[in-house]
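Q: Dropping in entry00.txt, which is compact mmCIF, C-alpha atoms and all ligand atoms:
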# COMPACT_ATOMS: atom_id res chain seq x y z
CA MET A 25 39.33 -71.24 43.10
CA THR A 26 39.28 -73.67 46.01
CA ASP A 27 42.26 -75.71 47.27
CA SER A 28 40.65 -79.02 46.27
CA THR A 29 42.45 -81.07 43.61
CA PRO A 30 40.84 -80.34 40.25
CA GLN A 31 40.22 -83.04 37.65
CA HIS A 32 43.09 -82.92 35.22
CA HIS A 33 42.76 -83.16 31.40
CA ARG A 34 45.50 -82.68 28.86
CA LEU A 35 43.28 -80.51 26.73
CA ILE A 36 40.16 -78.57 27.60
CA ILE A 37 38.00 -76.85 25.00
CA LEU A 38 35.72 -74.03 26.05
CA GLY A 39 32.69 -73.81 23.79
CA SER A 40 30.68 -76.17 21.61
CA GLY A 41 29.89 -74.24 18.43
CA PRO A 42 31.47 -75.32 15.13
CA ALA A 43 34.92 -74.16 16.33
CA GLY A 44 34.85 -76.05 19.64
CA LEU A 45 33.32 -79.18 18.15
CA THR A 46 35.78 -79.30 15.26
CA ALA A 47 38.66 -78.82 17.71
CA ALA A 48 37.13 -81.68 19.72
CA LEU A 49 36.97 -83.93 16.64
CA TYR A 50 40.58 -83.38 15.64
CA SER A 51 42.00 -83.63 19.14
CA ALA A 52 39.89 -86.69 19.97
CA ARG A 53 41.22 -88.38 16.83
CA ALA A 54 44.72 -87.53 18.08
CA ASN A 55 43.90 -89.48 21.27
CA LEU A 56 43.91 -86.41 23.50
CA GLU A 57 40.48 -87.22 25.01
CA PRO A 58 39.58 -83.54 25.15
CA LEU A 59 37.08 -82.26 27.69
CA VAL A 60 34.56 -79.92 26.07
CA LEU A 61 32.82 -77.50 28.40
CA GLU A 62 29.76 -76.69 26.33
CA GLY A 63 28.66 -73.49 28.07
CA ALA A 64 25.21 -71.98 28.33
CA GLN A 65 24.47 -72.43 24.61
CA PRO A 66 25.40 -76.02 23.72
CA GLY A 67 25.98 -76.07 19.96
CA GLY A 68 26.51 -72.31 19.82
CA GLN A 69 24.89 -69.72 17.57
CA LEU A 70 23.70 -72.21 14.94
CA THR A 71 21.16 -73.50 17.45
CA ILE A 72 19.17 -70.27 17.01
CA THR A 73 18.85 -70.53 13.27
CA THR A 74 16.91 -72.77 10.91
CA ASP A 75 18.27 -73.62 7.44
CA VAL A 76 22.01 -73.54 6.89
CA GLU A 77 22.66 -73.70 3.16
CA ASN A 78 26.31 -72.69 3.01
CA TYR A 79 28.02 -75.38 5.06
CA PRO A 80 29.81 -77.67 2.60
CA GLY A 81 28.66 -81.25 2.37
CA PHE A 82 24.92 -80.69 2.63
CA PRO A 83 23.55 -80.13 -0.88
CA GLU A 84 19.99 -79.85 0.43
CA GLY A 85 21.02 -77.63 3.37
CA ILE A 86 20.67 -78.66 7.00
CA MET A 87 18.99 -77.21 10.07
CA GLY A 88 21.46 -75.38 12.35
CA PRO A 89 20.73 -77.43 15.52
CA GLU A 90 21.05 -80.69 13.55
CA LEU A 91 24.39 -79.63 12.08
CA VAL A 92 25.95 -79.08 15.51
CA ASP A 93 24.35 -82.25 16.89
CA ILE A 94 26.02 -84.38 14.25
CA MET A 95 29.31 -82.54 14.74
CA ARG A 96 29.13 -83.45 18.44
CA GLN A 97 28.29 -87.09 17.65
CA GLN A 98 31.23 -87.24 15.27
CA SER A 99 33.75 -86.08 17.87
CA GLN A 100 32.21 -88.23 20.63
CA ARG A 101 32.78 -91.25 18.43
CA PHE A 102 36.51 -90.63 18.89
CA GLY A 103 36.33 -90.05 22.63
CA SER A 104 35.70 -86.37 23.34
CA ILE A 105 34.08 -85.82 26.73
CA HIS A 106 31.26 -83.25 26.93
CA ARG A 107 29.94 -81.48 30.01
CA TYR A 108 27.12 -78.95 30.04
CA GLU A 109 28.96 -76.52 32.28
CA VAL A 110 29.85 -72.84 32.01
CA ALA A 111 33.40 -71.68 32.80
CA GLU A 112 33.15 -68.97 35.41
CA GLU A 113 36.81 -68.41 36.26
CA VAL A 114 39.98 -69.19 34.37
CA VAL A 115 43.46 -69.02 35.90
CA LEU A 116 46.09 -68.74 33.18
CA GLU A 117 48.92 -67.17 35.20
CA THR A 118 50.28 -70.53 36.38
CA ARG A 119 50.42 -74.00 34.86
CA PRO A 120 48.60 -76.32 34.77
CA TYR A 121 45.84 -73.91 33.82
CA ARG A 122 42.73 -74.03 35.99
CA ILE A 123 39.08 -73.61 35.19
CA ARG A 124 36.22 -73.33 37.62
CA THR A 125 32.77 -73.95 36.22
CA ASP A 126 29.35 -73.59 37.79
CA THR A 127 29.73 -77.09 39.27
CA ALA A 128 33.37 -78.30 39.19
CA GLU A 129 37.04 -77.47 38.93
CA TYR A 130 39.41 -78.65 36.25
CA SER A 131 43.02 -78.25 35.30
CA CYS A 132 44.64 -78.73 31.90
CA ASP A 133 47.95 -78.53 30.09
CA ALA A 134 46.50 -76.89 27.00
CA LEU A 135 43.37 -74.86 26.49
CA ILE A 136 41.37 -73.99 23.37
CA ILE A 137 39.06 -71.03 23.73
CA ALA A 138 36.10 -71.25 21.35
CA THR A 139 33.55 -69.23 23.29
CA GLY A 140 32.24 -67.47 20.17
CA ALA A 141 30.48 -64.20 19.89
CA THR A 142 26.95 -63.06 20.51
CA ALA A 143 25.06 -61.12 17.87
CA LYS A 144 23.55 -58.14 19.67
CA GLN A 145 19.79 -58.07 19.58
CA ILE A 146 17.31 -55.25 20.00
CA GLY A 147 15.71 -57.16 22.88
CA LEU A 148 12.15 -57.57 21.57
CA GLU A 149 10.04 -60.64 22.30
CA SER A 150 8.94 -60.82 18.64
CA GLU A 151 12.58 -60.63 17.51
CA ALA A 152 13.55 -63.64 19.65
CA GLU A 153 10.46 -65.58 18.59
CA LEU A 154 10.97 -65.01 14.85
CA MET A 155 14.76 -65.42 14.79
CA GLY A 156 15.34 -67.92 11.97
CA TYR A 157 11.78 -67.38 10.69
CA GLY A 158 12.30 -64.11 8.83
CA VAL A 159 14.46 -62.38 11.43
CA SER A 160 18.20 -62.85 10.98
CA ALA A 161 21.45 -61.66 12.48
CA CYS A 162 23.50 -62.59 9.41
CA ALA A 163 22.92 -61.27 5.89
CA THR A 164 25.71 -63.41 4.40
CA CYS A 165 23.97 -66.47 5.81
CA ASP A 166 20.35 -65.68 5.07
CA GLY A 167 20.21 -63.04 2.30
CA PHE A 168 19.66 -65.72 -0.32
CA PHE A 169 16.26 -66.60 1.21
CA PHE A 170 14.92 -63.12 0.40
CA ARG A 171 15.10 -63.05 -3.37
CA ASP A 172 12.70 -60.40 -4.76
CA LYS A 173 11.38 -59.64 -1.29
CA GLU A 174 11.38 -56.41 0.71
CA VAL A 175 13.52 -56.47 3.81
CA ALA A 176 14.52 -54.13 6.62
CA ILE A 177 17.92 -53.83 8.21
CA VAL A 178 18.44 -52.35 11.65
CA GLY A 179 21.64 -50.41 12.35
CA GLY A 180 23.75 -47.53 11.12
CA GLY A 181 27.35 -48.76 11.32
CA ASP A 182 29.73 -50.34 8.82
CA THR A 183 28.28 -53.83 9.19
CA ALA A 184 24.73 -52.58 8.65
CA MET A 185 25.76 -50.73 5.46
CA GLU A 186 27.80 -53.68 4.14
CA GLU A 187 24.88 -56.00 4.80
CA ALA A 188 22.35 -53.59 3.26
CA ILE A 189 24.43 -53.35 0.09
CA PHE A 190 24.90 -57.13 0.03
CA LEU A 191 21.16 -57.69 0.46
CA THR A 192 20.36 -55.60 -2.64
CA ARG A 193 21.71 -58.53 -4.68
CA PHE A 194 18.62 -60.46 -3.67
CA ALA A 195 15.96 -58.23 -2.16
CA SER A 196 13.74 -55.96 -4.24
CA LYS A 197 14.02 -53.23 -1.59
CA VAL A 198 16.12 -52.79 1.56
CA THR A 199 15.03 -50.28 4.18
CA VAL A 200 17.68 -49.25 6.68
CA VAL A 201 16.05 -48.44 10.00
CA HIS A 202 18.23 -46.12 12.03
CA ARG A 203 17.60 -44.36 15.33
CA ARG A 204 19.34 -41.17 14.26
CA ASP A 205 19.40 -38.95 11.18
CA GLU A 206 23.00 -39.75 10.31
CA LEU A 207 25.00 -42.95 9.98
CA ARG A 208 28.00 -44.10 12.01
CA ALA A 209 29.38 -46.04 9.04
CA SER A 210 32.54 -44.95 7.25
CA LYS A 211 32.09 -42.29 4.55
CA ILE A 212 32.78 -44.68 1.68
CA LEU A 213 30.14 -47.19 2.81
CA GLN A 214 27.64 -44.42 3.49
CA ASP A 215 28.14 -43.03 0.00
CA ARG A 216 27.68 -46.44 -1.58
CA ALA A 217 24.54 -47.16 0.43
CA LEU A 218 23.03 -43.72 -0.16
CA ALA A 219 23.64 -44.01 -3.91
CA ASN A 220 22.04 -47.46 -4.16
CA ASP A 221 18.59 -47.27 -5.75
CA LYS A 222 17.35 -50.31 -3.88
CA ILE A 223 18.18 -48.89 -0.44
CA GLU A 224 15.81 -46.59 1.41
CA PHE A 225 16.29 -45.08 4.84
CA ALA A 226 13.85 -44.83 7.72
CA TRP A 227 15.66 -42.13 9.69
CA ASN A 228 14.96 -41.46 13.36
CA ARG A 229 13.07 -44.71 13.69
CA GLN A 230 13.39 -47.78 15.87
CA VAL A 231 11.74 -51.17 15.58
CA VAL A 232 9.35 -51.78 18.48
CA GLU A 233 7.75 -54.98 17.18
CA ILE A 234 8.33 -57.42 14.35
CA LEU A 235 5.05 -58.65 12.92
CA GLY A 236 4.45 -62.19 11.74
CA ASN A 237 4.46 -65.75 12.95
CA LYS A 238 6.60 -68.86 12.67
CA LYS A 239 4.33 -70.43 10.09
CA ASP A 240 4.15 -67.57 7.58
CA GLY A 241 7.30 -65.66 8.53
CA VAL A 242 7.62 -61.89 8.88
CA SER A 243 5.05 -59.51 7.41
CA GLY A 244 6.30 -56.15 8.69
CA ALA A 245 7.80 -54.10 11.48
CA ARG A 246 6.31 -51.42 13.68
CA LEU A 247 8.61 -48.42 13.69
CA GLU A 248 8.45 -45.87 16.47
CA SER A 249 9.76 -42.36 15.87
CA THR A 250 12.69 -41.19 18.02
CA VAL A 251 11.73 -37.55 17.34
CA GLY A 252 8.07 -37.63 18.31
CA GLU A 253 6.46 -38.38 14.93
CA GLU A 254 3.73 -40.97 14.44
CA GLU A 255 4.42 -44.68 14.52
CA VAL A 256 4.43 -46.39 11.10
CA THR A 257 4.31 -50.00 9.96
CA LEU A 258 6.91 -50.99 7.41
CA PRO A 259 5.76 -53.92 5.27
CA CYS A 260 8.66 -56.37 4.81
CA GLU A 261 9.32 -60.09 4.74
CA GLY A 262 12.67 -60.08 6.48
CA VAL A 263 14.33 -58.12 9.26
CA PHE A 264 18.11 -58.19 9.59
CA ILE A 265 19.59 -57.07 12.87
CA ALA A 266 23.01 -55.50 12.31
CA ILE A 267 23.79 -53.68 15.52
CA GLY A 268 27.05 -55.46 16.21
CA HIS A 269 28.55 -58.51 17.87
CA ARG A 270 30.01 -58.98 21.32
CA PRO A 271 32.87 -61.51 21.54
CA ASN A 272 32.54 -63.73 24.61
CA THR A 273 35.89 -62.80 26.12
CA GLU A 274 35.03 -61.33 29.54
CA LEU A 275 36.80 -64.23 31.30
CA PHE A 276 40.08 -63.57 29.50
CA ALA A 277 40.14 -59.80 29.14
CA GLU A 278 42.69 -59.39 31.95
CA VAL A 279 45.03 -62.22 30.97
CA LEU A 280 45.00 -62.42 27.18
CA THR A 281 45.44 -59.78 24.52
CA THR A 282 42.24 -58.52 22.97
CA ASN A 283 41.78 -55.99 20.16
CA GLU A 284 40.03 -52.64 20.55
CA VAL A 285 36.59 -54.27 20.32
CA GLY A 286 37.33 -57.22 22.58
CA TYR A 287 38.20 -60.06 20.15
CA LEU A 288 41.08 -62.34 21.21
CA VAL A 289 44.26 -61.66 19.30
CA VAL A 290 46.14 -64.67 17.89
CA ASP A 291 49.51 -65.00 16.27
CA GLU A 292 48.24 -65.39 12.69
CA PRO A 293 48.33 -67.68 10.78
CA THR A 294 48.37 -69.89 13.90
CA THR A 295 45.77 -69.89 16.67
CA ARG A 296 48.31 -69.22 19.44
CA THR A 297 47.39 -66.55 21.97
CA ALA A 298 49.94 -64.60 23.96
CA ARG A 299 50.00 -67.40 26.55
CA GLU A 300 51.84 -70.69 25.96
CA GLY A 301 49.48 -73.60 25.35
CA VAL A 302 46.39 -71.41 25.06
CA PHE A 303 44.76 -71.27 21.64
CA ALA A 304 41.71 -69.45 20.30
CA ALA A 305 39.38 -70.42 17.46
CA GLY A 306 36.16 -69.30 15.83
CA ASP A 307 34.16 -66.13 16.22
CA VAL A 308 35.90 -65.26 19.50
CA MET A 309 39.02 -64.33 17.51
CA ASP A 310 37.44 -63.46 14.16
CA PRO A 311 35.74 -60.09 13.77
CA SER A 312 35.73 -60.42 9.95
CA TYR A 313 34.24 -63.64 8.64
CA ARG A 314 32.02 -65.09 11.39
CA GLN A 315 30.82 -68.15 9.48
CA ALA A 316 30.31 -71.73 10.62
CA VAL A 317 32.83 -73.02 8.12
CA THR A 318 35.52 -70.48 9.05
CA ALA A 319 34.91 -71.24 12.74
CA ALA A 320 35.24 -74.97 12.04
CA GLY A 321 38.42 -74.30 10.03
CA SER A 322 40.07 -72.41 12.85
CA GLY A 323 38.89 -75.07 15.33
CA CYS A 324 40.83 -77.59 13.26
CA LYS A 325 43.90 -75.32 13.32
CA ALA A 326 43.65 -74.86 17.09
CA ALA A 327 43.50 -78.63 17.67
CA LEU A 328 46.56 -79.18 15.49
CA ASP A 329 48.40 -76.30 17.20
CA ALA A 330 47.52 -77.70 20.65
CA GLU A 331 48.51 -81.24 19.68
CA ARG A 332 51.91 -80.09 18.38
CA TRP A 333 52.49 -77.90 21.41
CA LEU A 334 51.63 -80.75 23.82
CA GLU A 335 54.03 -83.05 21.98
CA LEU A 336 56.87 -80.59 22.54
CA GLN A 337 56.17 -80.59 26.29
CA GLU A 338 56.80 -84.36 26.64
C1 LIG B 401 20.88 -66.32 13.53
C2 LIG B 401 22.20 -66.77 12.98
C3 LIG B 401 22.24 -67.46 11.79
C4 LIG B 401 23.45 -67.88 11.28
N1 LIG B 401 23.45 -68.59 10.12
C5 LIG B 401 24.63 -69.04 9.62
C6 LIG B 401 24.66 -69.78 8.39
O1 LIG B 401 23.63 -70.02 7.76
N2 LIG B 401 25.88 -70.17 7.94
C7 LIG B 401 27.04 -69.88 8.58
O2 LIG B 401 28.12 -70.28 8.12
N3 LIG B 401 27.04 -69.18 9.74
C8 LIG B 401 25.86 -68.75 10.26
N4 LIG B 401 25.86 -68.00 11.40
C9 LIG B 401 27.15 -67.68 12.03
C10 LIG B 401 27.67 -68.92 12.81
O3 LIG B 401 26.64 -69.40 13.63
C11 LIG B 401 28.90 -68.55 13.63
O4 LIG B 401 29.89 -67.99 12.79
C12 LIG B 401 29.47 -69.79 14.31
O5 LIG B 401 28.48 -70.42 15.10
C13 LIG B 401 30.66 -69.44 15.19
O6 LIG B 401 31.08 -70.60 15.80
P1 LIG B 401 31.94 -70.62 17.12
O7 LIG B 401 32.18 -72.05 17.43
O8 LIG B 401 33.12 -69.74 16.99
O9 LIG B 401 31.06 -69.94 18.25
P2 LIG B 401 29.54 -70.03 18.68
O10 LIG B 401 28.70 -70.75 17.72
O11 LIG B 401 29.20 -68.63 19.06
O12 LIG B 401 29.60 -70.91 20.00
C14 LIG B 401 30.18 -70.44 21.18
C15 LIG B 401 30.15 -71.53 22.23
O13 LIG B 401 30.88 -71.09 23.38
C16 LIG B 401 30.17 -71.46 24.54
N5 LIG B 401 30.58 -70.57 25.63
C17 LIG B 401 30.48 -69.21 25.71
N6 LIG B 401 30.93 -68.79 26.91
C18 LIG B 401 31.34 -69.92 27.59
C19 LIG B 401 31.87 -70.15 28.87
N7 LIG B 401 32.09 -69.15 29.74
N8 LIG B 401 32.15 -71.43 29.23
C20 LIG B 401 31.95 -72.45 28.38
N9 LIG B 401 31.44 -72.29 27.13
C21 LIG B 401 31.13 -71.04 26.77
C22 LIG B 401 28.69 -71.33 24.14
O14 LIG B 401 27.87 -72.09 25.00
C23 LIG B 401 28.75 -71.90 22.72
O15 LIG B 401 28.65 -73.29 22.76
C24 LIG B 401 24.66 -67.58 11.95
C25 LIG B 401 24.62 -66.88 13.16
C26 LIG B 401 23.41 -66.47 13.68
C27 LIG B 401 23.38 -65.73 15.00
What's the structure tokens form of this structure?
Ligand SMILES: Cc1cc2nc3c(=O)[nH]c(=O)nc-3n(C[C@H](O)[C@H](O)[C@H](O)COP(=O)(O)OP(=O)(O)OC[C@H]3O[C@@H](n4cnc5c(N)ncnc54)[C@H](O)[C@@H]3O)c2cc1C
A:
Amino acid sequence: MTDSTPQHHRLIILGSGPAGLTAALYSARANLEPLVLEGAQPGGQLTITTDVENYPGFPEGIMGPELVDIMRQQSQRFGSIHRYEVAEEVVLETRPYRIRTDTAEYSCDALIIATGATAKQIGLESEAELMGYGVSACATCDGFFFRDKEVAIVGGGDTAMEEAIFLTRFASKVTVVHRRDELRASKILQDRALANDKIEFAWNRQVVEILGNKKDGVSGARLESTVGEEEVTLPCEGVFIAIGHRPNTELFAEVLTTNEVGYLVVDEPTTRTAREGVFAAGDVMDPSYRQAVTAAGSGCKAALDAERWLELQE
């Protein structure tokens, strides 16, 4: 941080996914004129998907980017201020709290952290291109689109097994593609997955390319062997990536309490973190649900918590 006087705001919100934008709406309507630092992915994870069919209020569904755009417009109507900046340093040891972004410095009385989580990806060009067009990072969100279709799921942990089992409600066949010949998932989930007639396993295999195009969707996946066997092509119409999530908490790891896998810990049922006036909402504090509507719900709670806390300071 420099010695220059930072711009002061009563409330700053880090992140502009459903959690940050809902916190912005509520706090703007409470006349707090929140500053939203939108980060490197304005609108958050929903901007990399297409149809969202499980956000209440949209009987026909809505495209992910459109949903977050209208959330932003709704909060701006009540006076939230939005900057397309990324927080690079946060000082929470002294008050007012200070935030340095890529272009400016700010201070605030209260802070809402809604920096979300990032679904880990394999890192293939075809995966990035077809995300939302047959490739998905969320079975709960997208399983419904694959009724009577064959799909693949990549991963061998608890989430991958839960998602594979969930997907059998819709898909005609689910192939779990796993780099090794044994799963990391807990015994109970392994047993359930192994006993499920609709689930097959491609052991010692990794996806090297997802085949298809944006117009027609996915048609298959090229699977390389990790033990020197021949490459095969798995025909499928969907590929679910379930290799984990990384909460975006690097900035706070030293100053706030995180759980064993890096998610911010809050004083449930509130959104209070271990530091006075600092609240957390959305996927950054939620390893379990990770849905737009749950993120929005906790964004609402964080705004109400911040508003009440600020009132007590006056
Ligand atoms: C492909 C895909 C499809 C999905 N489909 C659905 C669906 O159909 N229905 C559903 O309910 N859920 C869906 N989800 C899950 C849903 O997108 C998330 O649960 C939700 O977006 C979480 O919201 P959030 O506000 O907590 O965080 P995110 O949406 O992750 O947003 C995080 C925000 O924090 C910002 N940020 C991060 N670091 C910084 C920083 N240092 N400084 C400032 N800002 C920062 C980012 O720019 C971003 O704006 C899907 C997810 C994916 C990946």
Q: With all atoms listed in the file as the counted atoms, please give the residues lying no more than 12 Å from Ile212 in chain A, apart from itself and same-chain residues fewer than 3 positions off, as a list in words.
A: Gly181, Asp182, Met185, Glu186, Leu207, Arg208, Ala209, Asp215, Arg216, Ala217, Leu218 and Ala219 of chain A
Q: Those residues you just picked out, can you put them in a file as a short mmCIF file (atom, residue, chain, number, x, y, z; two decimals), in the frame of the given file with C-alpha atoms?
A:
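Final output, again.cif:
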data_model
loop_
_atom_site.label_atom_id
_atom_site.label_comp_id
_atom_site.auth_asym_id
_atom_site.auth_seq_id
_atom_site.Cartn_x
_atom_site.Cartn_y
_atom_site.Cartn_z
CA GLY A 181 27.35 -48.76 11.32
CA ASP A 182 29.73 -50.34 8.82
CA MET A 185 25.76 -50.73 5.46
CA GLU A 186 27.80 -53.68 4.14
CA LEU A 207 25.00 -42.95 9.98
CA ARG A 208 28.00 -44.10 12.01
CA ALA A 209 29.38 -46.04 9.04
CA ASP A 215 28.14 -43.03 0.00
CA ARG A 216 27.68 -46.44 -1.58
CA ALA A 217 24.54 -47.16 0.43
CA LEU A 218 23.03 -43.72 -0.16
CA ALA A 219 23.64 -44.01 -3.91
#
Q: Smallest atom-to-atom distance to Ser104 in chain A: which of A:Leu154, A:Ala316, A:Leu45, A:Val76, using only C-alpha atoms?
A: A:Leu45
Q: Please return as a ChimeraX atom specification the residues found within 6 Å of ligand LIG 401 (chain B), counting all atoms listed in the file.
A: /A:38-44,61-70,72-73,76-79,110-112,138-141,143,156,160-162,165,272,306-308,314-317,319
Q: If we count all atoms listed in the file, what is near Asp221 in chain A at a cut-off of 12 Å, once residues fewer than 4 positions away on the same chain are taken out, given as a VMD selection string?
A: chain A and resid 188 to 189 192 to 193 195 to 199 215 to 217 225
Q: Counting all atoms listed in the file, write as a PyMOL selection string all protein and nucleic acid residues lying at most 6 Å from (33.3, -80.7, 29.2) in the file's frame.
A: chain A and resi 59-61+105-107
Q: Which is closest to Ala245 in chain A among A:Ile86, A:Val178, A:Leu213, A:Ala277, if we use all atoms listed in the file?
A: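 Closest candidate: A:Val178.
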